[in-house]
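*Asks:* Sharing final-v5.txt (compact mmCIF, C-alpha atoms) below.
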```txt
# COMPACT_ATOMS: atom_id res chain seq x y z
CA MET R 183 10.59 -127.22 39.80
CA SER R 184 7.81 -129.35 41.28
CA THR R 185 7.15 -127.09 44.26
CA ALA R 186 4.63 -124.81 42.53
CA PRO R 187 2.37 -127.63 41.21
CA ASN R 188 2.43 -129.30 44.62
CA MET R 189 1.40 -126.04 46.28
CA VAL R 190 -1.48 -125.63 43.83
CA VAL R 191 -2.65 -129.19 44.47
CA GLY R 192 -2.39 -128.64 48.24
CA GLN R 193 -4.35 -125.39 48.08
CA SER R 194 -7.02 -127.02 45.94
CA ARG R 195 -7.32 -129.89 48.41
CA VAL R 196 -7.61 -127.48 51.36
CA ALA R 197 -10.26 -125.46 49.53
CA ARG R 198 -12.23 -128.63 48.76
CA TRP R 199 -12.06 -129.81 52.36
CA ALA R 200 -13.09 -126.35 53.58
CA PHE R 201 -16.06 -126.33 51.20
CA ASN R 202 -17.18 -129.82 52.19
CA GLY R 203 -16.81 -128.98 55.86
CA SER R 204 -18.88 -125.81 55.44
CA VAL R 205 -21.63 -127.78 53.69
CA ILE R 206 -21.68 -130.37 56.48
CA VAL R 207 -21.82 -127.69 59.20
CA LEU R 208 -24.64 -125.89 57.39
CA CYS R 209 -26.64 -129.11 56.97
CA LEU R 210 -26.20 -129.96 60.65
CA TRP R 211 -27.20 -126.41 61.61
CA VAL R 212 -30.51 -126.86 59.74
CA LEU R 213 -31.26 -130.54 60.31
CA VAL R 214 -30.32 -131.07 63.98
CA PRO R 215 -32.98 -128.67 65.40
CA ILE R 216 -35.62 -130.23 63.12
CA TYR R 217 -34.60 -133.70 64.24
CA LEU R 218 -34.69 -132.75 67.93
CA LEU R 219 -38.10 -131.13 67.49
CA ILE R 220 -39.63 -134.17 65.79
CA ALA R 221 -37.86 -136.65 68.09
CA ASN R 222 -39.18 -134.92 71.22
CA ALA R 223 -42.66 -134.66 69.71
CA LEU R 224 -42.63 -138.45 69.14
CA SER R 225 -41.29 -139.26 72.61
CA ALA R 226 -43.25 -140.05 75.74
CA PRO R 227 -43.73 -137.02 78.05
CA SER R 228 -41.32 -138.51 80.60
CA GLU R 229 -38.62 -138.93 77.95
CA VAL R 230 -38.59 -135.28 76.81
CA THR R 231 -36.50 -134.12 79.79
CA GLN R 232 -34.54 -137.37 80.04
CA PHE R 233 -30.74 -137.17 79.90
CA PRO R 234 -28.89 -138.62 78.11
CA LYS R 235 -31.47 -138.56 75.35
CA LYS R 236 -31.99 -141.55 73.08
CA MET R 237 -31.06 -141.05 69.43
CA VAL R 238 -34.18 -142.95 68.31
CA PRO R 239 -37.47 -141.77 69.85
CA SER R 240 -40.00 -144.20 71.30
CA PHE R 241 -42.58 -143.08 68.70
CA ASP R 242 -45.11 -142.32 71.39
CA THR R 243 -47.80 -140.17 69.72
CA GLU R 244 -49.61 -139.27 72.95
CA SER R 245 -48.43 -135.64 72.95
CA VAL R 246 -49.20 -135.08 69.26
CA GLU R 247 -52.64 -136.68 69.55
CA PHE R 248 -53.46 -134.60 72.62
CA PHE R 249 -52.41 -131.44 70.80
CA LEU R 250 -54.31 -132.25 67.59
CA TYR R 251 -57.53 -132.96 69.52
CA PHE R 252 -57.11 -129.86 71.66
CA ASN R 253 -60.00 -127.44 71.22
CA GLY R 254 -59.24 -124.87 68.50
CA VAL R 255 -56.23 -126.54 66.86
CA GLY R 256 -58.13 -127.83 63.83
CA LYS R 257 -59.71 -124.42 63.20
CA ALA R 258 -56.37 -122.66 63.55
CA LEU R 259 -54.72 -125.12 61.18
CA TRP R 260 -57.44 -124.58 58.59
CA SER R 261 -57.07 -120.80 58.95
CA SER R 262 -53.32 -121.12 58.37
CA VAL R 263 -53.90 -123.12 55.20
CA GLN R 264 -56.44 -120.61 53.89
CA VAL R 265 -54.31 -117.56 54.66
CA ALA R 266 -51.14 -119.13 53.21
CA PHE R 267 -52.94 -120.17 50.03
CA LEU R 268 -54.46 -116.72 49.50
CA THR R 269 -51.08 -115.11 50.20
CA MET R 270 -49.41 -117.39 47.67
CA VAL R 271 -51.98 -116.62 44.97
CA MET R 272 -52.05 -112.84 45.52
CA SER R 273 -48.27 -112.58 45.71
CA ILE R 274 -47.88 -114.21 42.31
CA LEU R 275 -50.81 -112.40 40.66
CA ILE R 276 -49.33 -109.05 41.71
CA GLY R 277 -45.60 -109.82 41.88
CA ALA R 278 -45.15 -111.65 38.56
CA PRO R 279 -46.60 -108.85 36.36
CA ALA R 280 -44.56 -106.31 38.32
CA GLY R 281 -41.38 -108.36 37.83
CA TYR R 282 -42.12 -108.74 34.12
CA SER R 283 -42.69 -104.99 33.73
CA LEU R 284 -39.44 -104.18 35.51
CA SER R 285 -37.49 -106.55 33.27
CA ARG R 286 -39.03 -105.56 29.93
CA PHE R 287 -39.93 -101.86 30.12
CA ASP R 288 -37.85 -98.77 30.77
CA PHE R 289 -39.60 -95.93 32.57
CA ARG R 290 -38.64 -92.96 34.67
CA GLY R 291 -37.92 -93.91 38.27
CA LYS R 292 -37.46 -97.61 37.54
CA ASN R 293 -34.46 -98.05 39.84
CA ALA R 294 -36.12 -95.97 42.57
CA PHE R 295 -39.20 -98.16 42.30
CA ARG R 296 -37.11 -101.30 42.79
CA ILE R 297 -35.58 -99.79 45.91
CA LEU R 298 -38.99 -98.72 47.22
CA VAL R 299 -40.32 -102.24 46.72
CA LEU R 300 -37.52 -103.57 48.88
CA MET R 301 -37.86 -100.73 51.40
CA THR R 302 -41.33 -101.95 52.36
CA ARG R 303 -39.51 -104.59 54.41
CA ALA R 304 -37.59 -101.89 56.29
CA PHE R 305 -40.61 -100.87 58.37
CA PRO R 306 -40.96 -103.12 61.44
CA LEU R 307 -44.37 -104.73 61.67
CA PRO R 308 -44.85 -103.90 65.39
CA LEU R 309 -44.51 -100.21 64.52
CA LEU R 310 -47.37 -100.50 62.04
CA ALA R 311 -49.55 -102.74 64.20
CA LEU R 312 -51.74 -100.07 65.84
CA PRO R 313 -52.56 -97.97 62.74
CA MET R 314 -53.04 -101.13 60.70
CA ALA R 315 -55.43 -102.58 63.27
CA ILE R 316 -57.45 -99.33 63.35
CA MET R 317 -57.64 -99.20 59.56
CA PHE R 318 -58.73 -102.84 59.33
CA ILE R 319 -61.47 -102.27 61.93
CA ARG R 320 -62.79 -99.27 59.99
CA VAL R 321 -62.99 -101.13 56.67
CA GLY R 322 -64.28 -104.37 58.23
CA LEU R 323 -61.23 -106.55 57.49
CA ASP R 324 -60.29 -107.20 61.12
CA ASP R 325 -60.40 -110.83 62.23
CA THR R 326 -60.86 -112.13 58.69
CA VAL R 327 -58.85 -114.61 56.65
CA PHE R 328 -58.72 -112.25 53.67
CA GLY R 329 -57.53 -109.29 55.76
CA LEU R 330 -54.69 -111.30 57.27
CA ALA R 331 -53.78 -112.62 53.81
CA LEU R 332 -53.46 -109.02 52.62
CA VAL R 333 -50.92 -108.30 55.36
CA HIS R 334 -48.96 -111.47 54.60
CA THR R 335 -49.02 -110.60 50.88
CA THR R 336 -47.48 -107.24 51.74
CA LEU R 337 -44.67 -109.08 53.55
CA ALA R 338 -44.06 -111.57 50.73
CA LEU R 339 -44.61 -109.26 47.74
CA PRO R 340 -41.16 -107.56 47.67
CA PHE R 341 -39.44 -110.93 47.36
CA ALA R 342 -41.95 -112.11 44.74
CA VAL R 343 -41.31 -109.00 42.63
CA LEU R 344 -37.52 -109.23 42.85
CA ILE R 345 -37.41 -113.00 42.25
CA THR R 346 -39.65 -112.83 39.19
CA PHE R 347 -37.73 -109.76 37.95
CA SER R 348 -34.48 -111.75 38.01
CA LEU R 349 -36.17 -114.69 36.26
CA PHE R 350 -37.63 -112.62 33.43
CA SER R 351 -34.34 -110.74 33.05
CA GLY R 352 -32.57 -114.06 32.47
CA ILE R 353 -34.73 -114.86 29.44
CA PRO R 354 -33.67 -113.13 26.19
CA ILE R 355 -36.25 -110.74 24.81
CA GLU R 356 -35.38 -112.12 21.35
CA LEU R 357 -37.58 -115.13 22.11
CA GLU R 358 -40.60 -112.86 22.48
CA GLU R 359 -39.65 -110.87 19.40
CA ALA R 360 -39.47 -114.10 17.41
CA ALA R 361 -42.96 -115.02 18.58
CA TRP R 362 -44.21 -111.57 17.57
CA THR R 363 -42.88 -112.03 14.05
CA LEU R 364 -44.78 -115.33 13.84
CA GLY R 365 -48.12 -113.65 14.55
CA CYS R 366 -48.35 -113.68 18.35
CA ASN R 367 -49.27 -110.57 20.27
CA ARG R 368 -47.45 -109.72 23.52
CA LEU R 369 -49.89 -111.69 25.70
CA GLN R 370 -49.79 -114.78 23.48
CA ALA R 371 -46.01 -114.65 23.29
CA PHE R 372 -45.82 -114.47 27.07
CA PHE R 373 -48.03 -117.48 27.74
CA LYS R 374 -46.73 -119.63 24.87
CA VAL R 375 -43.01 -118.87 25.09
CA ILE R 376 -42.00 -117.11 28.32
CA PHE R 377 -44.41 -118.56 30.86
CA PRO R 378 -43.33 -122.23 30.42
CA LEU R 379 -39.70 -121.17 30.95
CA VAL R 380 -40.34 -119.20 34.14
CA LEU R 381 -42.98 -121.52 35.62
CA PRO R 382 -40.49 -123.31 37.92
CA GLY R 383 -39.23 -119.97 39.21
CA ILE R 384 -42.74 -118.59 39.72
CA THR R 385 -43.64 -121.76 41.58
CA ALA R 386 -40.59 -121.34 43.81
CA SER R 387 -41.61 -117.73 44.48
CA ALA R 388 -45.09 -118.97 45.41
CA ILE R 389 -43.53 -121.49 47.79
CA PHE R 390 -41.58 -118.70 49.44
CA ALA R 391 -44.78 -116.67 49.89
CA PHE R 392 -46.51 -119.72 51.37
CA VAL R 393 -43.73 -120.25 53.90
CA VAL R 394 -43.67 -116.54 54.84
CA SER R 395 -47.40 -116.66 55.58
CA TRP R 396 -47.24 -120.02 57.34
CA ASN R 397 -44.58 -118.85 59.80
CA GLU R 398 -45.82 -115.28 60.43
CA VAL R 399 -47.18 -114.79 63.95
CA PHE R 400 -47.24 -111.10 64.91
CA ALA R 401 -49.89 -109.84 62.48
CA ALA R 402 -52.01 -112.93 63.10
CA ALA R 403 -51.86 -112.38 66.86
CA VAL R 404 -52.78 -108.67 66.57
CA LEU R 405 -55.44 -108.74 63.83
CA THR R 406 -57.34 -111.95 64.58
CA ILE R 407 -59.31 -113.45 67.44
CA GLU R 408 -61.72 -116.02 66.01
CA HIS R 409 -59.61 -116.76 62.91
CA ARG R 410 -56.18 -117.14 64.48
CA THR R 411 -53.61 -119.03 62.46
CA LEU R 412 -51.70 -121.92 63.97
CA PRO R 413 -48.59 -119.88 64.95
CA ALA R 414 -50.75 -117.28 66.72
CA PHE R 415 -52.75 -120.05 68.40
CA LEU R 416 -49.54 -121.70 69.59
CA LEU R 417 -48.26 -118.40 70.93
CA GLN R 418 -51.49 -117.89 72.87
CA SER R 419 -52.13 -121.43 74.10
CA LEU R 420 -48.71 -123.02 74.66
CA ASP R 421 -47.10 -120.22 76.65
CA VAL R 422 -47.63 -122.05 79.93
CA ALA R 423 -48.08 -125.56 78.50
CA PRO R 424 -45.83 -128.49 79.45
CA LEU R 425 -42.65 -128.91 77.44
CA HIS R 426 -43.79 -132.03 75.61
CA LEU R 427 -46.87 -130.22 74.29
CA LYS R 428 -44.71 -127.34 73.08
CA PHE R 429 -42.62 -129.79 71.07
CA ALA R 430 -45.79 -131.39 69.70
CA GLY R 431 -47.17 -128.01 68.66
CA GLY R 432 -43.89 -127.04 67.02
CA ALA R 433 -43.81 -130.29 65.07
CA VAL R 434 -47.38 -129.83 63.87
CA LEU R 435 -46.40 -126.35 62.65
CA VAL R 436 -43.12 -127.35 60.97
CA VAL R 437 -43.86 -130.75 59.41
CA PRO R 438 -46.62 -129.63 56.96
CA ALA R 439 -44.35 -126.91 55.57
CA LEU R 440 -41.48 -129.42 55.19
CA ILE R 441 -43.76 -131.87 53.38
CA PHE R 442 -45.03 -129.12 51.08
CA ILE R 443 -41.49 -128.02 50.21
CA PHE R 444 -40.39 -131.64 49.70
CA PHE R 445 -43.03 -132.27 47.05
CA VAL R 446 -42.24 -129.08 45.13
CA ARG R 447 -38.46 -129.15 45.59
CA LYS R 448 -37.88 -129.81 41.89
CA TYR R 449 -39.22 -126.33 41.14
CA LEU R 450 -36.72 -124.83 43.57
CA PHE R 451 -33.85 -126.60 41.82
CA ALA R 452 -35.24 -125.59 38.44
CA MET R 453 -35.38 -121.94 39.54
CA TRP R 454 -31.72 -122.16 40.58
CA GLY R 455 -30.87 -123.41 37.11
CA ILE R 456 -32.79 -120.58 35.43
CA ALA R 457 -31.24 -117.94 37.67
CA ASN R 458 -27.73 -119.10 36.80
CA ARG R 459 -28.15 -119.20 33.01
```
What do you get writing this file as structure tokens?

*Replies:*
Amino acid sequence: MSTAPNMVVGQSRVARWAFNGSVIVLCLWVLVPIYLLIANALSAPSEVTQFPKKMVPSFDTESVEFFLYFNGVGKALWSSVQVAFLTMVMSILIGAPAGYSLSRFDFRGKNAFRILVLMTRAFPLPLLALPMAIMFIRVGLDDTVFGLALVHTTLALPFAVLITFSLFSGIPIELEEAAWTLGCNRLQAFFKVIFPLVLPGITASAIFAFVVSWNEVFAAAVLTIEHRTLPAFLLQSLDVAPLHLKFAGGAVLVVPALIFIFFVRKYLFAMWGIANR
């Protein structure tokens, strides 16, 4: 008589151990490369290729300092910040209204439009590089921060539209209708009732757009010369550099994005809560 309950308890325990093990493996998969990158960046040049490697680095900042004072790094870093910020702003200004419209209005071709928005990611960027470069040269957007931000916005926009669409869809339209009955027009109801509820999700979508722009390298390498972003600069300058400088450059690229995400992580968690209501 007690066999069935024991089997259920055993299966539950196995499932819990499997889940915990999967979480640990996933965390290690993400954190170990980041740790090795930062540890090698903070090690002396002679320690980078040392084996066995010490678990705690010597905190030698020679490689990082050399990289930061290398000619062109500061300009490339500033270009990355500008492009990522513009991409973040334009993605939200275009993507949030589109997501709201998809969630609140019914129109012919709505489902096809959603698919087309996602299909923009189906075209490989290298295939579009030559015609895009020619078009940018003709309109005067080549080698500009704004031109590169437009390309990065195109890459981030499908995700911004779909994320905001799911957020607005999770909020009952009855809340807006109640605001309308109390004298608000559609715009006032949006900013007074809906916007505070979706702000964490919109912020998370903006973070995603920022990270997409920060890590993108191909368009920056093709479309810019004087205004190269940090990833494109690293691709150009560190190809034949010593290994310790490559680690230093990678750390300089990764750490600012990690710090940015750390400070806004509460919005990511808040978005997860909204999406699951």

*Asks:* In Å, with one decimal, what is the gap from atom CA of Glu358 of chain R to atom CA of Leu344 of chain R?

*Replies:*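 Computing the Euclidean distance for atom CA of Glu358 of chain R and atom CA of Leu344 of chain R yields 20.9 Å.
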
*Asks:* Report the closest atom pair, with its distance in Å rounded to one decimal, for each residue of segment 309-420 of chain R that has an atom no farther than 7 Å from segment 271-294 of chain R; count all atoms listed in the file, sort by chain and then rising residue number, and write it as JSON lines.

*Replies:*
```
{"residue": "R:Thr335", "atom": "CA", "partner": "R:Ser273", "partner_atom": "CA", "distance": 5.6}
{"residue": "R:Ala338", "atom": "CA", "partner": "R:Ser273", "partner_atom": "CA", "distance": 6.6}
{"residue": "R:Leu339", "atom": "CA", "partner": "R:Ser273", "partner_atom": "CA", "distance": 5.3}
{"residue": "R:Ala342", "atom": "CA", "partner": "R:Gly277", "partner_atom": "CA", "distance": 5.2}
{"residue": "R:Val343", "atom": "CA", "partner": "R:Gly277", "partner_atom": "CA", "distance": 4.4}
{"residue": "R:Leu344", "atom": "CA", "partner": "R:Gly281", "partner_atom": "CA", "distance": 6.4}
{"residue": "R:Thr346", "atom": "CA", "partner": "R:Gly281", "partner_atom": "CA", "distance": 5.0}
{"residue": "R:Phe347", "atom": "CA", "partner": "R:Gly281", "partner_atom": "CA", "distance": 3.9}
{"residue": "R:Phe350", "atom": "CA", "partner": "R:Tyr282", "partner_atom": "CA", "distance": 6.0}
{"residue": "R:Ser351", "atom": "CA", "partner": "R:Ser285", "partner_atom": "CA", "distance": 5.2}
{"residue": "R:Ala388", "atom": "CA", "partner": "R:Ile274", "partner_atom": "CA", "distance": 6.3}
{"residue": "R:Ala391", "atom": "CA", "partner": "R:Ser273", "partner_atom": "CA", "distance": 6.8}
```

*Asks:* Atom CA of Ala221 of chain R to atom CA of Pro438 of chain R: how many Å, to one decimal?

*Replies:*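 So the answer is 15.8 Å.
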
*Asks:* State, in Å with one decimal place, the distance from atom CA of Pro215 of chain R to atom CA of Ala200 of chain R.

*Replies:* 23.3 Å

*Asks:* Give me, as a list in words, all polymer residues having an atom no more than 12 Å from Glu359 of chain R, counting only C-alpha atoms and skipping those fewer than 3 positions away in the same chain.

*Replies:* Arg286, Ile353, Pro354, Ile355, Glu356, Trp362, Thr363, Leu364, Gly365, Cys366, Asn367, Arg368, Gln370, Ala371, Phe372, Val375 and Ile376 of chain R

*Asks:* May I have the protein, DNA and RNA residues with an atom at most 12 Å from (-30.7, -138.7, 68.1), counting all atoms listed in the file in the file's coordinates, returned as a compact mmCIF listing (two decimals) with C-alpha atoms, in the frame of the given file?

*Replies:*
```
# COMPACT_ATOMS: atom_id res chain seq x y z
CA LEU R 213 -31.26 -130.54 60.31
CA VAL R 214 -30.32 -131.07 63.98
CA PRO R 215 -32.98 -128.67 65.40
CA ILE R 216 -35.62 -130.23 63.12
CA TYR R 217 -34.60 -133.70 64.24
CA LEU R 218 -34.69 -132.75 67.93
CA LEU R 219 -38.10 -131.13 67.49
CA ILE R 220 -39.63 -134.17 65.79
CA ALA R 221 -37.86 -136.65 68.09
CA ASN R 222 -39.18 -134.92 71.22
CA LEU R 224 -42.63 -138.45 69.14
CA SER R 225 -41.29 -139.26 72.61
CA PHE R 233 -30.74 -137.17 79.90
CA PRO R 234 -28.89 -138.62 78.11
CA LYS R 235 -31.47 -138.56 75.35
CA LYS R 236 -31.99 -141.55 73.08
CA MET R 237 -31.06 -141.05 69.43
CA VAL R 238 -34.18 -142.95 68.31
CA PRO R 239 -37.47 -141.77 69.85
CA SER R 240 -40.00 -144.20 71.30
```

*Asks:* Using all atoms listed in the file for the distances, tell me which of R:Ala430, R:Ile443, R:Val437, R:Val404 is nearest to Ile316 of chain R.

*Replies:*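 Among the listed residues, the smallest separation from Ile316 of chain R belongs to R:Val404.
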
*Asks:* With only C-alpha atoms as the counted atoms, please give the residues lying no more than 8 Å from Gly329 of chain R, apart from itself and same-chain residues fewer than 5 positions off, as a ChimeraX atom specification.

*Replies:* /R:318,323-324

*Asks:* Using the atoms already present, construct N, CA and C atoms for segment 232-247 of chain R and hand them back as an mmCIF file, in the coordinates of the input.

*Replies:*
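The result, stored in part36.cif:
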```
data_model
loop_
_atom_site.group_PDB
_atom_site.id
_atom_site.type_symbol
_atom_site.label_atom_id
_atom_site.label_comp_id
_atom_site.auth_asym_id
_atom_site.auth_seq_id
_atom_site.Cartn_x
_atom_site.Cartn_y
_atom_site.Cartn_z
ATOM 1 N N GLN R 232 -35.490 -136.319 79.659
ATOM 2 C CA GLN R 232 -34.540 -137.370 80.040
ATOM 3 C C GLN R 232 -33.146 -137.059 79.513
ATOM 4 N N PHE R 233 -32.133 -137.359 80.309
ATOM 5 C CA PHE R 233 -30.740 -137.170 79.900
ATOM 6 C C PHE R 233 -29.904 -138.354 80.389
ATOM 7 N N PRO R 234 -29.088 -138.950 79.528
ATOM 8 C CA PRO R 234 -28.890 -138.620 78.110
ATOM 9 C C PRO R 234 -30.084 -139.039 77.263
ATOM 10 N N LYS R 235 -30.314 -138.323 76.205
ATOM 11 C CA LYS R 235 -31.470 -138.560 75.350
ATOM 12 C C LYS R 235 -31.160 -139.649 74.335
ATOM 13 N N LYS R 236 -32.149 -140.493 74.067
ATOM 14 C CA LYS R 236 -31.990 -141.550 73.080
ATOM 15 C C LYS R 236 -31.961 -140.952 71.673
ATOM 16 N N MET R 237 -31.147 -141.530 70.814
ATOM 17 C CA MET R 237 -31.060 -141.050 69.430
ATOM 18 C C MET R 237 -32.331 -141.384 68.657
ATOM 19 N N VAL R 238 -32.945 -142.535 68.986
ATOM 20 C CA VAL R 238 -34.180 -142.950 68.310
ATOM 21 C C VAL R 238 -35.338 -142.781 69.281
ATOM 22 N N PRO R 239 -36.356 -141.981 68.937
ATOM 23 C CA PRO R 239 -37.470 -141.770 69.850
ATOM 24 C C PRO R 239 -38.308 -143.033 70.013
ATOM 25 N N SER R 240 -39.150 -143.042 71.032
ATOM 26 C CA SER R 240 -40.000 -144.200 71.300
ATOM 27 C C SER R 240 -41.240 -144.228 70.425
ATOM 28 N N PHE R 241 -41.426 -143.198 69.588
ATOM 29 C CA PHE R 241 -42.580 -143.080 68.700
ATOM 30 C C PHE R 241 -43.897 -143.149 69.472
ATOM 31 N N ASP R 242 -43.903 -142.471 70.596
ATOM 32 C CA ASP R 242 -45.110 -142.320 71.390
ATOM 33 C C ASP R 242 -45.856 -141.083 70.872
ATOM 34 N N THR R 243 -47.050 -141.275 70.331
ATOM 35 C CA THR R 243 -47.800 -140.170 69.720
ATOM 36 C C THR R 243 -48.801 -139.534 70.682
ATOM 37 N N GLU R 244 -48.645 -139.806 71.980
ATOM 38 C CA GLU R 244 -49.610 -139.270 72.950
ATOM 39 C C GLU R 244 -49.648 -137.745 72.931
ATOM 40 N N SER R 245 -48.484 -137.110 72.913
ATOM 41 C CA SER R 245 -48.430 -135.640 72.950
ATOM 42 C C SER R 245 -49.026 -135.041 71.678
ATOM 43 N N VAL R 246 -48.679 -135.607 70.524
ATOM 44 C CA VAL R 246 -49.200 -135.080 69.260
ATOM 45 C C VAL R 246 -50.703 -135.267 69.176
ATOM 46 N N GLU R 247 -51.201 -136.440 69.592
ATOM 47 C CA GLU R 247 -52.640 -136.680 69.550
ATOM 48 C C GLU R 247 -53.382 -135.733 70.489
#
```
